[in-house]
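Content type PDB, C-alpha atoms and all ligand atoms, from the file query_0.pdb:
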```pdb
ATOM      1  CA  MET A 133      -0.134  13.645  25.862  1.00  0.00           C
ATOM      2  CA  GLY A 134      -1.217  12.390  29.268  1.00  0.00           C
ATOM      3  CA  GLU A 135       1.596  12.215  31.779  1.00  0.00           C
ATOM      4  CA  MET A 136       1.418   8.459  32.334  1.00  0.00           C
ATOM      5  CA  ALA A 137       1.056   7.868  28.588  1.00  0.00           C
ATOM      6  CA  ARG A 138       4.256   9.852  28.039  1.00  0.00           C
ATOM      7  CA  ARG A 139       6.136   7.922  30.732  1.00  0.00           C
ATOM      8  CA  ILE A 140       5.270   4.488  29.356  1.00  0.00           C
ATOM      9  CA  SER A 141       6.180   5.273  25.738  1.00  0.00           C
ATOM     10  CA  LYS A 142       9.513   3.767  24.758  1.00  0.00           C
ATOM     11  CA  THR A 143       9.565   5.291  21.306  1.00  0.00           C
ATOM     12  CA  ASP A 144      10.917   8.568  19.977  1.00  0.00           C
ATOM     13  CA  VAL A 145       7.475  10.206  20.137  1.00  0.00           C
ATOM     14  CA  GLY A 146       8.395  13.067  17.789  1.00  0.00           C
ATOM     15  CA  GLU A 147       9.551  10.622  15.125  1.00  0.00           C
ATOM     16  CA  LEU A 148       6.478   8.436  15.675  1.00  0.00           C
ATOM     17  CA  ILE A 149       4.119  11.409  15.239  1.00  0.00           C
ATOM     18  CA  LYS A 150       5.925  12.315  12.004  1.00  0.00           C
ATOM     19  CA  VAL A 151       5.438   8.791  10.615  1.00  0.00           C
ATOM     20  CA  LEU A 152       1.800   8.681  11.754  1.00  0.00           C
ATOM     21  CA  ASN A 153       1.156  11.983   9.984  1.00  0.00           C
ATOM     22  CA  GLU A 154       2.628  10.587   6.748  1.00  0.00           C
ATOM     23  CA  ALA A 155       0.274   7.613   7.065  1.00  0.00           C
ATOM     24  CA  TYR A 156      -2.590   9.987   7.880  1.00  0.00           C
ATOM     25  CA  ALA A 157      -1.927  11.959   4.664  1.00  0.00           C
ATOM     26  CA  GLU A 158      -1.794   8.695   2.694  1.00  0.00           C
ATOM     27  CA  GLU A 159      -5.174   7.597   4.080  1.00  0.00           C
ATOM     28  CA  TRP A 160      -6.892  10.757   2.858  1.00  0.00           C
ATOM     29  CA  LEU A 161      -5.372  10.246  -0.587  1.00  0.00           C
ATOM     30  CA  ALA A 162      -6.406   6.570  -0.541  1.00  0.00           C
ATOM     31  CA  TYR A 163      -9.908   7.612   0.495  1.00  0.00           C
ATOM     32  CA  TYR A 164     -10.121  10.033  -2.429  1.00  0.00           C
ATOM     33  CA  GLN A 165      -8.708   7.531  -4.915  1.00  0.00           C
ATOM     34  CA  TYR A 166     -11.422   4.991  -4.040  1.00  0.00           C
ATOM     35  CA  PHE A 167     -14.144   7.649  -3.717  1.00  0.00           C
ATOM     36  CA  LEU A 168     -13.475   9.069  -7.165  1.00  0.00           C
ATOM     37  CA  GLY A 169     -12.798   5.671  -8.752  1.00  0.00           C
ATOM     38  CA  ALA A 170     -16.266   4.531  -7.612  1.00  0.00           C
ATOM     39  CA  LYS A 171     -17.829   7.575  -9.307  1.00  0.00           C
ATOM     40  CA  LEU A 172     -15.963   7.264 -12.607  1.00  0.00           C
ATOM     41  CA  ALA A 173     -15.652   3.504 -13.150  1.00  0.00           C
ATOM     42  CA  VAL A 174     -16.812   1.998 -16.438  1.00  0.00           C
ATOM     43  CA  GLY A 175     -16.211  -1.415 -17.918  1.00  0.00           C
ATOM     44  CA  PRO A 176     -16.038  -5.037 -16.734  1.00  0.00           C
ATOM     45  CA  MET A 177     -17.643  -5.888 -13.357  1.00  0.00           C
ATOM     46  CA  ARG A 178     -18.534  -2.239 -12.758  1.00  0.00           C
ATOM     47  CA  PRO A 179     -21.241  -2.805 -10.073  1.00  0.00           C
ATOM     48  CA  ASN A 180     -18.959  -5.101  -8.030  1.00  0.00           C
ATOM     49  CA  VAL A 181     -15.975  -2.803  -8.398  1.00  0.00           C
ATOM     50  CA  VAL A 182     -18.019   0.277  -7.410  1.00  0.00           C
ATOM     51  CA  GLU A 183     -19.414  -1.472  -4.322  1.00  0.00           C
ATOM     52  CA  GLU A 184     -15.975  -2.578  -3.193  1.00  0.00           C
ATOM     53  CA  PHE A 185     -14.403   0.830  -3.873  1.00  0.00           C
ATOM     54  CA  GLU A 186     -17.135   2.528  -1.814  1.00  0.00           C
ATOM     55  CA  GLU A 187     -16.505   0.127   1.070  1.00  0.00           C
ATOM     56  CA  HIS A 188     -12.767   0.706   0.890  1.00  0.00           C
ATOM     57  CA  ALA A 189     -13.228   4.488   0.760  1.00  0.00           C
ATOM     58  CA  ARG A 190     -15.152   4.208   4.057  1.00  0.00           C
ATOM     59  CA  GLN A 191     -12.416   2.060   5.586  1.00  0.00           C
ATOM     60  CA  GLU A 192      -9.602   4.405   4.469  1.00  0.00           C
ATOM     61  CA  TYR A 193     -11.584   7.246   6.059  1.00  0.00           C
ATOM     62  CA  GLU A 194     -11.830   5.226   9.299  1.00  0.00           C
ATOM     63  CA  HIS A 195      -8.064   4.677   9.162  1.00  0.00           C
ATOM     64  CA  ALA A 196      -7.531   8.449   8.903  1.00  0.00           C
ATOM     65  CA  ASP A 197      -9.887   8.871  11.869  1.00  0.00           C
ATOM     66  CA  MET A 198      -7.988   6.343  14.021  1.00  0.00           C
ATOM     67  CA  LEU A 199      -4.622   7.886  13.118  1.00  0.00           C
ATOM     68  CA  ALA A 200      -5.814  11.425  13.916  1.00  0.00           C
ATOM     69  CA  ASP A 201      -6.992  10.279  17.355  1.00  0.00           C
ATOM     70  CA  ARG A 202      -3.693   8.540  18.078  1.00  0.00           C
ATOM     71  CA  ILE A 203      -1.593  11.513  16.867  1.00  0.00           C
ATOM     72  CA  ILE A 204      -3.546  13.763  19.255  1.00  0.00           C
ATOM     73  CA  GLU A 205      -3.158  11.298  22.156  1.00  0.00           C
ATOM     74  CA  LEU A 206       0.605  11.354  21.554  1.00  0.00           C
ATOM     75  CA  GLY A 207       0.616  15.150  21.811  1.00  0.00           C
ATOM     76  CA  GLY A 208       0.855  15.835  18.077  1.00  0.00           C
ATOM     77  CA  THR A 209      -1.337  17.661  15.579  1.00  0.00           C
ATOM     78  CA  PRO A 210      -2.780  15.942  12.505  1.00  0.00           C
ATOM     79  CA  VAL A 211      -1.713  17.580   9.208  1.00  0.00           C
ATOM     80  CA  LEU A 212      -3.413  20.987   9.249  1.00  0.00           C
ATOM     81  CA  ASN A 213      -3.348  21.755   5.541  1.00  0.00           C
ATOM     82  CA  PRO A 214      -4.520  19.274   2.875  1.00  0.00           C
ATOM     83  CA  ASP A 215      -1.987  20.919   0.520  1.00  0.00           C
ATOM     84  CA  ASP A 216       0.612  18.936   2.478  1.00  0.00           C
ATOM     85  CA  PHE A 217      -0.981  15.512   1.878  1.00  0.00           C
ATOM     86  CA  SER A 218       0.867  14.868  -1.390  1.00  0.00           C
ATOM     87  CA  LYS A 219       4.144  16.222  -0.020  1.00  0.00           C
ATOM     88  CA  LEU A 220       4.067  14.004   3.076  1.00  0.00           C
ATOM     89  CA  ALA A 221       2.708  10.834   1.461  1.00  0.00           C
ATOM     90  CA  LYS A 222       5.167   8.130   0.458  1.00  0.00           C
ATOM     91  CA  CYS A 223       2.270   6.102  -0.970  1.00  0.00           C
ATOM     92  CA  LYS A 224       1.315   8.406  -3.816  1.00  0.00           C
ATOM     93  CA  TYR A 225      -2.103   9.333  -5.166  1.00  0.00           C
ATOM     94  CA  GLU A 226      -2.658   7.971  -8.661  1.00  0.00           C
ATOM     95  CA  PRO A 227      -5.180  10.105 -10.590  1.00  0.00           C
ATOM     96  CA  PRO A 228      -7.765   7.919 -12.356  1.00  0.00           C
ATOM     97  CA  LEU A 229      -6.882   9.152 -15.851  1.00  0.00           C
ATOM     98  CA  ASN A 230      -8.201   5.904 -17.317  1.00  0.00           C
ATOM     99  CA  GLU A 231     -11.731   5.213 -16.039  1.00  0.00           C
ATOM    100  CA  ASP A 232     -11.717   1.542 -17.018  1.00  0.00           C
ATOM    101  CA  THR A 233     -12.316  -0.749 -14.028  1.00  0.00           C
ATOM    102  CA  LEU A 234      -9.230  -2.777 -14.864  1.00  0.00           C
ATOM    103  CA  SER A 235      -6.952   0.260 -14.770  1.00  0.00           C
ATOM    104  CA  LEU A 236      -8.570   1.536 -11.536  1.00  0.00           C
ATOM    105  CA  VAL A 237      -8.194  -1.830  -9.824  1.00  0.00           C
ATOM    106  CA  LYS A 238      -4.551  -1.998 -10.865  1.00  0.00           C
ATOM    107  CA  GLN A 239      -3.877   1.493  -9.454  1.00  0.00           C
ATOM    108  CA  ASN A 240      -5.534   0.624  -6.165  1.00  0.00           C
ATOM    109  CA  LEU A 241      -3.602  -2.627  -5.957  1.00  0.00           C
ATOM    110  CA  ASP A 242      -0.357  -0.620  -6.160  1.00  0.00           C
ATOM    111  CA  SER A 243      -1.604   1.701  -3.419  1.00  0.00           C
ATOM    112  CA  GLU A 244      -2.606  -1.191  -1.164  1.00  0.00           C
ATOM    113  CA  ARG A 245       0.803  -2.782  -1.492  1.00  0.00           C
ATOM    114  CA  CYS A 246       2.402   0.501  -0.473  1.00  0.00           C
ATOM    115  CA  ALA A 247      -0.001   0.768   2.485  1.00  0.00           C
ATOM    116  CA  ILE A 248       0.892  -2.747   3.649  1.00  0.00           C
ATOM    117  CA  GLY A 249       4.560  -1.734   3.730  1.00  0.00           C
ATOM    118  CA  ARG A 250       3.643   1.430   5.629  1.00  0.00           C
ATOM    119  CA  TYR A 251       1.769  -0.374   8.425  1.00  0.00           C
ATOM    120  CA  GLN A 252       4.225  -3.245   8.645  1.00  0.00           C
ATOM    121  CA  GLY A 253       6.813  -0.482   9.243  1.00  0.00           C
ATOM    122  CA  ILE A 254       4.756   1.182  11.984  1.00  0.00           C
ATOM    123  CA  CYS A 255       4.191  -2.218  13.631  1.00  0.00           C
ATOM    124  CA  ASP A 256       7.956  -2.841  13.574  1.00  0.00           C
ATOM    125  CA  LEU A 257       8.580   0.604  15.035  1.00  0.00           C
ATOM    126  CA  THR A 258       6.136   0.218  17.926  1.00  0.00           C
ATOM    127  CA  PHE A 259       6.090  -3.505  18.780  1.00  0.00           C
ATOM    128  CA  GLY A 260       6.928  -3.914  22.450  1.00  0.00           C
ATOM    129  CA  LYS A 261       7.418  -0.144  22.795  1.00  0.00           C
ATOM    130  CA  ASP A 262       4.030   1.485  22.265  1.00  0.00           C
ATOM    131  CA  TYR A 263       1.242  -1.070  22.497  1.00  0.00           C
ATOM    132  CA  GLN A 264      -1.579   1.338  21.708  1.00  0.00           C
ATOM    133  CA  THR A 265      -0.044   2.618  18.467  1.00  0.00           C
ATOM    134  CA  PHE A 266       0.910  -0.958  17.614  1.00  0.00           C
ATOM    135  CA  LYS A 267      -2.723  -2.030  18.060  1.00  0.00           C
ATOM    136  CA  VAL A 268      -3.960   0.732  15.748  1.00  0.00           C
ATOM    137  CA  ALA A 269      -1.319  -0.082  13.089  1.00  0.00           C
ATOM    138  CA  ALA A 270      -2.002  -3.840  13.299  1.00  0.00           C
ATOM    139  CA  HIS A 271      -5.746  -3.247  12.877  1.00  0.00           C
ATOM    140  CA  ILE A 272      -5.166  -1.092   9.788  1.00  0.00           C
ATOM    141  CA  LEU A 273      -2.580  -3.552   8.412  1.00  0.00           C
ATOM    142  CA  LYS A 274      -5.155  -6.358   8.576  1.00  0.00           C
ATOM    143  CA  GLU A 275      -7.609  -4.317   6.491  1.00  0.00           C
ATOM    144  CA  GLU A 276      -4.977  -3.244   3.930  1.00  0.00           C
ATOM    145  CA  ILE A 277      -4.065  -6.909   3.464  1.00  0.00           C
ATOM    146  CA  GLU A 278      -7.748  -7.675   2.825  1.00  0.00           C
ATOM    147  CA  HIS A 279      -7.898  -4.794   0.334  1.00  0.00           C
ATOM    148  CA  GLU A 280      -4.884  -6.118  -1.574  1.00  0.00           C
ATOM    149  CA  GLN A 281      -6.452  -9.573  -1.729  1.00  0.00           C
ATOM    150  CA  GLU A 282      -9.728  -8.179  -3.067  1.00  0.00           C
ATOM    151  CA  MET A 283      -7.967  -6.166  -5.791  1.00  0.00           C
ATOM    152  CA  GLU A 284      -5.995  -9.283  -6.798  1.00  0.00           C
ATOM    153  CA  ASP A 285      -9.245 -11.260  -6.861  1.00  0.00           C
ATOM    154  CA  PHE A 286     -10.785  -8.707  -9.235  1.00  0.00           C
ATOM    155  CA  LEU A 287      -7.844  -9.096 -11.610  1.00  0.00           C
ATOM    156  CA  LYS A 288      -8.281 -12.875 -11.513  1.00  0.00           C
ATOM    157  CA  ASP A 289     -12.029 -12.565 -12.113  1.00  0.00           C
ATOM    158  CA  MET A 290     -11.263 -10.322 -15.080  1.00  0.00           C
ATOM    159  CA  ASN A 291      -8.892 -13.001 -16.345  1.00  0.00           C
ATOM    160  CA  VAL A 292      -5.967 -10.632 -16.215  1.00  0.00           C
ATOM    161  CA  SER A 293      -2.610 -11.782 -15.005  1.00  0.00           C
ATOM    162  CA  GLU A 294      -0.731  -9.039 -13.187  1.00  0.00           C
ATOM    163  CA  LYS A 295       1.939  -9.057 -15.877  1.00  0.00           C
ATOM    164  CA  LYS A 296      -0.624  -8.336 -18.546  1.00  0.00           C
ATOM    165  CA  SER A 297      -2.267  -5.586 -16.491  1.00  0.00           C
ATOM    166  CA  ASP A 298       1.109  -3.817 -16.097  1.00  0.00           C
ATOM    167  CA  ARG A 299       0.873  -2.830 -19.745  1.00  0.00           C
ATOM    168  CA  ILE A 300      -2.303  -0.827 -19.228  1.00  0.00           C
TER     169      ILE A 300
HETATM  170 FE    FE A 401     -13.243  -4.927   0.764  1.00  0.00          FE
HETATM  171 FE    FE A 402      -6.026   2.597   4.840  1.00  0.00          FE
HETATM  172 FE    FE A 403      -6.642   0.085   1.744  1.00  0.00          FE
END
```
For the file at hand, write its structure as structure tokens.
Ligand SMILES: [Fe+2]
Ligand SMILES: [Fe+2]
Ligand SMILES: [Fe+2]
Amino acid sequence: MGEMARRISKTDVGELIKVLNEAYAEEWLAYYQYFLGAKLAVGPMRPNVVEEFEEHARQEYEHADMLADRIIELGGTPVLNPDDFSKLAKCKYEPPLNEDTLSLVKQNLDSERCAIGRYQGICDLTFGKDYQTFKVAAHILKEEIEHEQEMEDFLKDMNVSEKKSDRI
């Protein structure tokens, strides 16, 4: 971490790096969930769902990229071993055991809601204390909120209320 950058930080940097690494692990799992979902999807609205999943996979990858850069700027090291992704992640990977678009959308909706909580938490932790990390977290939060909305829109377009989709 640059000397001035260290001096201006009003957070517990060690704790912040730990939280950013949890989010970093979650982004790789989110990337893979969308990546694989796009490959396997069958059923209603498949072309639209695949297109959206591919876009979201790219965005989750960009989130991982931004987090890795910020962890390094803070003097930390991004998770070295992918074996640790599942252990560190609070937002869990949901294997696409059911390849139906409806089931995949529902799984990703759960993940997006977890991600929104994650970045709201990092914003709370850094607001007024670490503007650069706050900016990164706020940018990602905005995109996770868009992702949630788009998954909800798919459920509406499929004429599925969320209650009904819970039974899948
Ligand atoms: Fe999208
Ligand atoms: Fe993300
Ligand atoms: Fe997302």
Collect all residues with atoms no farther than 10 Å from ligand FE 402 (chain A), counting all atoms listed in the file, and output them as a CSV table (one decimal) with C-alpha atoms, in the frame of the given file.
```csv
chain,number,residue,atom,x,y,z
A,155,ALA,CA,0.3,7.6,7.1
A,156,TYR,CA,-2.6,10.0,7.9
A,158,GLU,CA,-1.8,8.7,2.7
A,159,GLU,CA,-5.2,7.6,4.1
A,160,TRP,CA,-6.9,10.8,2.9
A,161,LEU,CA,-5.4,10.2,-0.6
A,162,ALA,CA,-6.4,6.6,-0.5
A,163,TYR,CA,-9.9,7.6,0.5
A,188,HIS,CA,-12.8,0.7,0.9
A,189,ALA,CA,-13.2,4.5,0.8
A,190,ARG,CA,-15.2,4.2,4.1
A,191,GLN,CA,-12.4,2.1,5.6
A,192,GLU,CA,-9.6,4.4,4.5
A,193,TYR,CA,-11.6,7.2,6.1
A,194,GLU,CA,-11.8,5.2,9.3
A,195,HIS,CA,-8.1,4.7,9.2
A,196,ALA,CA,-7.5,8.4,8.9
A,199,LEU,CA,-4.6,7.9,13.1
A,243,SER,CA,-1.6,1.7,-3.4
A,244,GLU,CA,-2.6,-1.2,-1.2
A,247,ALA,CA,0.0,0.8,2.5
A,248,ILE,CA,0.9,-2.7,3.6
A,250,ARG,CA,3.6,1.4,5.6
A,251,TYR,CA,1.8,-0.4,8.4
A,269,ALA,CA,-1.3,-0.1,13.1
A,271,HIS,CA,-5.7,-3.2,12.9
A,272,ILE,CA,-5.2,-1.1,9.8
A,273,LEU,CA,-2.6,-3.6,8.4
A,274,LYS,CA,-5.2,-6.4,8.6
A,275,GLU,CA,-7.6,-4.3,6.5
A,276,GLU,CA,-5.0,-3.2,3.9
A,277,ILE,CA,-4.1,-6.9,3.5
A,279,HIS,CA,-7.9,-4.8,0.3
```
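Closest approach to ligand FE 403 (chain A) among A:Ser141, A:Gln252, A:Thr209, A:Asn240: A:Asn240, based on all atoms listed in the file.
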Selection result of the PyMOL selection byres (((chain A and resi 232) around 8) and not hetatm) on this file, as an mmCIF file with C-alpha atoms, in the frame of the given file:
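Below is the file out13.cif, written as the result:
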```
data_model
loop_
_atom_site.group_PDB
_atom_site.id
_atom_site.type_symbol
_atom_site.label_atom_id
_atom_site.label_comp_id
_atom_site.auth_asym_id
_atom_site.auth_seq_id
_atom_site.Cartn_x
_atom_site.Cartn_y
_atom_site.Cartn_z
ATOM 1 C CA ALA A 173 -15.652 3.504 -13.150
ATOM 2 C CA VAL A 174 -16.812 1.998 -16.438
ATOM 3 C CA GLY A 175 -16.211 -1.415 -17.918
ATOM 4 C CA PRO A 176 -16.038 -5.037 -16.734
ATOM 5 C CA ASN A 230 -8.201 5.904 -17.317
ATOM 6 C CA GLU A 231 -11.731 5.213 -16.039
ATOM 7 C CA THR A 233 -12.316 -0.749 -14.028
ATOM 8 C CA LEU A 234 -9.230 -2.777 -14.864
ATOM 9 C CA SER A 235 -6.952 0.260 -14.770
ATOM 10 C CA LEU A 236 -8.570 1.536 -11.536
#
```
Original post:
Contacts of stretch 146-151 of chain A at 12 Å or less, counting only C-alpha atoms, minus same-chain residues fewer than 3 places along, as JSON, numbers by chain?
Top reply: {"A": [133, 138, 141, 142, 143, 154, 155, 156, 157, 158, 199, 200, 201, 202, 203, 204, 205, 206, 207, 208, 209, 210, 211, 220, 221, 222, 250, 251, 253, 254, 255, 256, 257, 258, 261, 262, 265, 266, 269]}
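If you measure from each of A:Lys224, A:Arg178, A:Arg245, A:Lys219 to ligand FE 403 (chain A) using all atoms listed in the file, the closest one turns out to be A:Arg245.
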**OP:** Go through A:Asp215, A:Asp285, A:Glu187, A:Glu135 and flag the residue nearest ligand FE 403 (chain A), using all atoms listed in the file for the distances.
**Re:** A:Glu187
Original post:
Between A:Phe217, A:Lys171, A:Tyr225, A:Ile140, which is the closest to A:Cys246 once you count only C-alpha atoms?
Top reply: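 Between A:Phe217, A:Lys171, A:Tyr225, A:Ile140, the residue approaching A:Cys246 most closely is A:Tyr225.
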Long-range neighbours of A:Phe185 as a JSON list (two decimals) with C-alpha atoms, keeping the file's coordinate frame, 8 Å cut-off, all atoms listed in the file, 2 positions minimum in chain:
```
[["chain", "number", "residue", "atom", "x", "y", "z"],
["A", 166, "TYR", "CA", -11.42, 4.99, -4.04],
["A", 167, "PHE", "CA", -14.14, 7.65, -3.72],
["A", 169, "GLY", "CA", -12.80, 5.67, -8.75],
["A", 170, "ALA", "CA", -16.27, 4.53, -7.61],
["A", 181, "VAL", "CA", -15.98, -2.80, -8.40],
["A", 182, "VAL", "CA", -18.02, 0.28, -7.41],
["A", 183, "GLU", "CA", -19.41, -1.47, -4.32],
["A", 187, "GLU", "CA", -16.50, 0.13, 1.07],
["A", 188, "HIS", "CA", -12.77, 0.71, 0.89],
["A", 189, "ALA", "CA", -13.23, 4.49, 0.76]]
```
Subject >> Nearest to A:Met283 by atom-to-atom distance, counting all atoms listed in the file, from A:Gln239, A:Gln165, A:Gln264, A:Asn213 >> reply: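 Selected residue with least distance to A:Met283: A:Gln239.
Interatomic distance, atom CA of A:Cys223 against atom CA of A:Glu184: 20.3 Å.
Across the model, the gap from atom FE of ligand FE 403 (chain A) to atom CA of A:Glu278 is 7.9 Å.
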Original post:
Which residue, A:Leu241, A:Leu172, A:Met290, A:Val268, has the smallest gap to ligand FE 401 (chain A) when you use all atoms listed in the file?
Top reply: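 Among the listed residues, A:Leu241 lies closest to ligand FE 401 (chain A).
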What would stretch 254-272 of chain A look like with N, CA and C atoms restored, written as a PDB file, keeping the file's coordinate frame?
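Result written to part-v4.pdb:
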```pdb
ATOM      1  N   ILE A 254       5.190   0.582  10.712  1.00  0.00           N
ATOM      2  CA  ILE A 254       4.756   1.182  11.984  1.00  0.00           C
ATOM      3  C   ILE A 254       4.642   0.101  13.065  1.00  0.00           C
ATOM      4  N   CYS A 255       4.226  -1.102  12.668  1.00  0.00           N
ATOM      5  CA  CYS A 255       4.191  -2.218  13.631  1.00  0.00           C
ATOM      6  C   CYS A 255       5.608  -2.523  14.117  1.00  0.00           C
ATOM      7  N   ASP A 256       6.561  -2.576  13.198  1.00  0.00           N
ATOM      8  CA  ASP A 256       7.956  -2.841  13.574  1.00  0.00           C
ATOM      9  C   ASP A 256       8.480  -1.779  14.542  1.00  0.00           C
ATOM     10  N   LEU A 257       8.099  -0.535  14.250  1.00  0.00           N
ATOM     11  CA  LEU A 257       8.580   0.604  15.035  1.00  0.00           C
ATOM     12  C   LEU A 257       8.033   0.602  16.459  1.00  0.00           C
ATOM     13  N   THR A 258       6.831   0.066  16.642  1.00  0.00           N
ATOM     14  CA  THR A 258       6.136   0.218  17.926  1.00  0.00           C
ATOM     15  C   THR A 258       6.008  -1.073  18.727  1.00  0.00           C
ATOM     16  N   PHE A 259       6.284  -2.214  18.098  1.00  0.00           N
ATOM     17  CA  PHE A 259       6.090  -3.505  18.780  1.00  0.00           C
ATOM     18  C   PHE A 259       6.919  -3.560  20.057  1.00  0.00           C
ATOM     19  N   GLY A 260       6.242  -3.827  21.161  1.00  0.00           N
ATOM     20  CA  GLY A 260       6.928  -3.914  22.450  1.00  0.00           C
ATOM     21  C   GLY A 260       7.307  -2.563  23.039  1.00  0.00           C
ATOM     22  N   LYS A 261       7.006  -1.478  22.324  1.00  0.00           N
ATOM     23  CA  LYS A 261       7.418  -0.144  22.795  1.00  0.00           C
ATOM     24  C   LYS A 261       6.233   0.790  23.009  1.00  0.00           C
ATOM     25  N   ASP A 262       5.221   0.632  22.156  1.00  0.00           N
ATOM     26  CA  ASP A 262       4.030   1.485  22.265  1.00  0.00           C
ATOM     27  C   ASP A 262       2.849   0.620  21.824  1.00  0.00           C
ATOM     28  N   TYR A 263       2.264  -0.059  22.811  1.00  0.00           N
ATOM     29  CA  TYR A 263       1.242  -1.070  22.497  1.00  0.00           C
ATOM     30  C   TYR A 263       0.005  -0.464  21.847  1.00  0.00           C
ATOM     31  N   GLN A 264      -0.352   0.744  22.255  1.00  0.00           N
ATOM     32  CA  GLN A 264      -1.579   1.338  21.708  1.00  0.00           C
ATOM     33  C   GLN A 264      -1.407   1.690  20.231  1.00  0.00           C
ATOM     34  N   THR A 265      -0.270   2.299  19.888  1.00  0.00           N
ATOM     35  CA  THR A 265      -0.044   2.618  18.467  1.00  0.00           C
ATOM     36  C   THR A 265       0.111   1.324  17.671  1.00  0.00           C
ATOM     37  N   PHE A 266       0.769   0.342  18.279  1.00  0.00           N
ATOM     38  CA  PHE A 266       0.910  -0.958  17.614  1.00  0.00           C
ATOM     39  C   PHE A 266      -0.464  -1.542  17.295  1.00  0.00           C
ATOM     40  N   LYS A 267      -1.377  -1.466  18.243  1.00  0.00           N
ATOM     41  CA  LYS A 267      -2.723  -2.030  18.060  1.00  0.00           C
ATOM     42  C   LYS A 267      -3.447  -1.350  16.894  1.00  0.00           C
ATOM     43  N   VAL A 268      -3.334  -0.030  16.836  1.00  0.00           N
ATOM     44  CA  VAL A 268      -3.960   0.732  15.748  1.00  0.00           C
ATOM     45  C   VAL A 268      -3.354   0.310  14.405  1.00  0.00           C
ATOM     46  N   ALA A 269      -2.005   0.253  14.347  1.00  0.00           N
ATOM     47  CA  ALA A 269      -1.319  -0.082  13.089  1.00  0.00           C
ATOM     48  C   ALA A 269      -1.640  -1.514  12.656  1.00  0.00           C
ATOM     49  N   ALA A 270      -1.715  -2.439  13.629  1.00  0.00           N
ATOM     50  CA  ALA A 270      -2.002  -3.840  13.299  1.00  0.00           C
ATOM     51  C   ALA A 270      -3.431  -3.986  12.770  1.00  0.00           C
ATOM     52  N   HIS A 271      -4.354  -3.223  13.351  1.00  0.00           N
ATOM     53  CA  HIS A 271      -5.746  -3.247  12.877  1.00  0.00           C
ATOM     54  C   HIS A 271      -5.820  -2.749  11.420  1.00  0.00           C
ATOM     55  N   ILE A 272      -5.134  -1.642  11.151  1.00  0.00           N
ATOM     56  CA  ILE A 272      -5.166  -1.092   9.788  1.00  0.00           C
ATOM     57  C   ILE A 272      -4.462  -2.058   8.827  1.00  0.00           C
TER      58      ILE A 272
END
```
